[in-house]
Structure formats: structure tokens, C-alpha cells
Amino acid sequence: MGRYVIRRALQMVPVFLGSTLLIFVMVYALGDPVAALFGDKAPDPATAARIRHDLYLDQPLWRQYLHYMGQILHGDFGSAFNGQPVTELMAAAFPVTLKLTLVAVVLEAVFGIALGVASGLRRGRPLDTGLLALTLIVISVPTFVSGYLLQLVFGVKLGWTRPSVSPAARLDELLLPGLVLALVSLAYVTRLSRTSVAENARADYVRTAVAKGLPRHRVVSRHLLRNSLIPVVTFIGADIGALMGGAIVTERIFNIHGVGYQLYQGILRNNAPTVVGFVTVLVIVFLLANLLVDLLYAVLDPRIRHA
């Protein structure tokens with residue numbers, strides 16, 4: 001098991017380098033960040049040259065990338081164009097988005113798997129048909145539509161929660177934004193769980209467990225569910241990074257100053273150090289989440305561990 005973890009960790013290194021290089025090149029190829037800093041006004045050539053030198057923008061792109069990677073190894077993600085260190089922006093934004101993502105993942109996993117199992121065990125019945133239709137509707141509705149609709153109903157009309165999240169971003173305030181963020185993924189988890197459970201319910205090992213007289217709840221929890229969860233765990237693990245990076249719309253709707261807000265501001269102002277720094281951390285989160293998924297495989301299916 002230790003060798004497997006080390007091998008997977010080593011495989012993450014070239015993926016990380018390739019991803020950060022691609023991000024770095026794309027962001028800095030969007031245009032001149034110094035010109036964007038001055039807006040419509042033409043910068044003084046001497047001032048622009050000094051800023052480029054201070055930001056290491058007067059060097060070739062490959063040297064800029066090596067300089068940036070050297071800074072990352074020392075925990076320095078550079079400074080935004082307003083002089084504020086990117087790490088300070090991260091310290092304020094990432095805890096909020098992590099809490100929001102945690103709420104979304106819990107809702108997605110708990111309700112998605114529960115509904116998927118209930119639908120898969122009743123394949124072809126009215127419950128199964130209704131859930132399939134409902135999840136298809138949820139997938140078809142854009143996030144900004146469902147977000148504003150739920151905000152209007154639960155936040156304005158019924159008053160069950162605040163329409164916008166306070167700067168403290170308490171956990172109870174993040175329940176509604178977390179639901180909005182998780183809705184589409186919850187629908188996919190439901191459909192994926194339903195399909196996996198319905199297929200495995202007809203497998204020989206399930207028939208053998210039933211023939212041996214095992215209680216239904218034990219057959220479902222110990223045999224059927226463990227094998228059916230492998231594709232679901234894969235999806236949820238990959239979805240963690242997507243939820244953190246894709247929370248821009250949800251955070252804008254509920255006025256949450258998290259990662260999505262900072263990325264939006266960085267892209268809007270062509271603030272390359274902020275965008276590259278935040279996306280680099282998101283790449284690390286995505287890689288760690290996939291490593292965790294690989295380790296969970298061994299828990300769900302011992303044959304993977306022995307292999």
C-alpha cells in the first residue's frame with residue numbers, strides 16, 4: 001500500500017508541472033497586464049518599464065515560469081497589482097470556499113446516494129421514473145436560474161435564511177448556497193448511483209447473498225452498496241475541485257467573497273498573479289482529491305488493494 005501511495009504521489013508531480021505551465025502561459029498570453037493596470041490611460045514608458053521589472057515581466061516567459069515555481073516552493077505566490085500578497089487573498093478566500101464546498105459535497109453525497117439507491121432498488125417503478133425526470137430537469141436548469149429562484153423563495157419570500165451571506169460566512173448561512181452549488185452534481189450522483197445499483201442488483205454475488213438468507217439491509221449495505229459506490233466515489237472526488245473552481249456564479253449570487261469572487265475580480269482586472277496563484281492551489285486540491293479517491297478504492301474493493 002505504501003508503494004502504491006508513493007507511486008501515485010510521484011505521478012502527481014509531472015501533472016502539476018504541466019498544469020501550472022499551461023495555466024501560466026494561457027493567463028500571461030491574454031494581454032499585457034501592465035497596460036491593463038493603467039486602464040484606458042497610456043502609461044509612462046519609464047513607469048511601465050519599472051513595473052515590468054518589479055513583476056519580472058521583462059524576462060522571457062520560460063524564465064518567468066521558473067521564477068514563479070521557485071517562489072511557490074518557498075510559499076510565495078507573488079503579489080497582486082495593488083501590492084497585496086496573493087497569500088493574504090488566499091487566506092481570506094479559501095476558508096470560505098472550503099466551507100461552501102464541504103456543505104455542497106455532503107449534500108451531494110448523502111442525498112444523491114440515498115436517492116440513487118432508492119431508485120435503483122425500485123427500477124421501473126413510479127419512484128424511479130419520477131426521480132429520473134426530476135434529475136433531468138435539475139441538470140437542464142442553469143445554476144444562475146436555480147440560484148436566484150431558491151434565493152427568492154427561501155431567502156426573500158419565506159425568510160428561512162438570509163438572501164446573502166455575511167462576511168463571517170457562518171455554516172447555517174452556507175446551507176442554501178451549498179445546495180445551489182451541489183444541485184447539478186447531486187442529480188448526476190443520483191443517476192449514477194441508480195444505474196450502478198440497478199446493474200449490480202442482478203449480479204451473481206447478490207443472488208448468492210440472498211439465497212444464503214442474509215437480511216436485505218445487510219445485502220444492500222455490505223455487498224451491493226460497496227461495489228456500486230466505486231464509480232460514484234470517482235465522480236465525487238473529481239467534483240471537489242470542480243465545485244471549488246466553479247463556484248463563481250453561486251458566490252456572485254449570494255455575495256460570498258471566496259475563491260470564485262477573487263478569480264472573477266482577477267480575470268476582470270487582468271490581475272495575472274492572483275489568477276495563476278489561485279488556480280495553482282486549485283490544481284493541488286484537485287490532485288489531492290484524486291489521490292484520496294484512489295485510496296478509497298482499496299477500502300471499497302479489497303481486490304484493488306491486493307492488486
# chains A, B, ... in the order shown; residues from 1 in each chain; ligands from 1
call {"tool": "closest_atom_pairs", "arguments": {"of": "range 39-116 of chain A", "to": "range 235-254 of chain A", "cutoff": "10 Å", "atoms": "only C-alpha atoms", "output": "CSV"}}
result
residue,atom,partner,partner_atom,distance
A:Phe94,CA,A:Met244,CA,8.9
A:Thr97,CA,A:Met244,CA,6.4
A:Leu98,CA,A:Met244,CA,7.3
A:Lys99,CA,A:Met244,CA,10.0
A:Leu100,CA,A:Met244,CA,8.3
A:Thr101,CA,A:Met244,CA,6.1
A:Leu102,CA,A:Ile240,CA,8.7
A:Ala104,CA,A:Leu243,CA,8.0
A:Val105,CA,A:Ile240,CA,7.2
A:Glu108,CA,A:Ile236,CA,8.2
A:Ala109,CA,A:Ile236,CA,7.5
call {"tool": "write_last_selection", "arguments": {"atoms": "C-alpha atoms", "output": "CSV table (one decimal), in the first residue's frame"}}
result
chain,number,residue,atom,x,y,z
A,94,PHE,CA,-10.1,29.7,0.6
A,97,THR,CA,-15.0,28.4,-0.3
A,98,LEU,CA,-13.8,25.2,1.6
A,99,LYS,CA,-16.8,25.5,3.9
A,100,LEU,CA,-19.1,26.1,1.0
A,101,THR,CA,-17.6,23.1,-0.9
A,102,LEU,CA,-17.9,20.9,2.2
A,104,ALA,CA,-22.1,21.0,-1.2
A,105,VAL,CA,-20.2,17.7,-1.1
A,108,GLU,CA,-24.4,15.8,-2.9
A,109,ALA,CA,-23.1,12.6,-1.4
call {"tool": "closest_atom_pairs", "arguments": {"of": "range 231-266 of chain A", "to": "range 192-201 of chain A", "cutoff": "10 Å", "atoms": "only C-alpha atoms", "output": "tab-separated table"}}
result
residue	atom	partner	partner_atom	distance
A:Pro231	CA	A:Leu192	CA	7.6
A:Val232	CA	A:Ser193	CA	6.3
A:Val233	CA	A:Ser193	CA	9.9
A:Phe235	CA	A:Leu192	CA	8.9
call {"tool": "closest_residue", "arguments": {"among": "A:Gly147, A:Val165, A:Gly266, A:Gly120", "to": "Arg202 in chain A", "atoms": "only C-alpha atoms"}}
result
A:Gly120
call {"tool": "closest_residue", "arguments": {"among": "A:Ile230, A:Val283, A:Val219, A:Val138", "to": "Val184 in chain A", "atoms": "only C-alpha atoms"}}
result
A:Val138
call {"tool": "select_by_dssp", "arguments": {"residues": "range 129-222 of chain A", "states": "helix (DSSP H, G or I)", "output": "PyMOL selection string"}}
result
chain A and resi 129-140+143-157+171-200+204-211+216-222
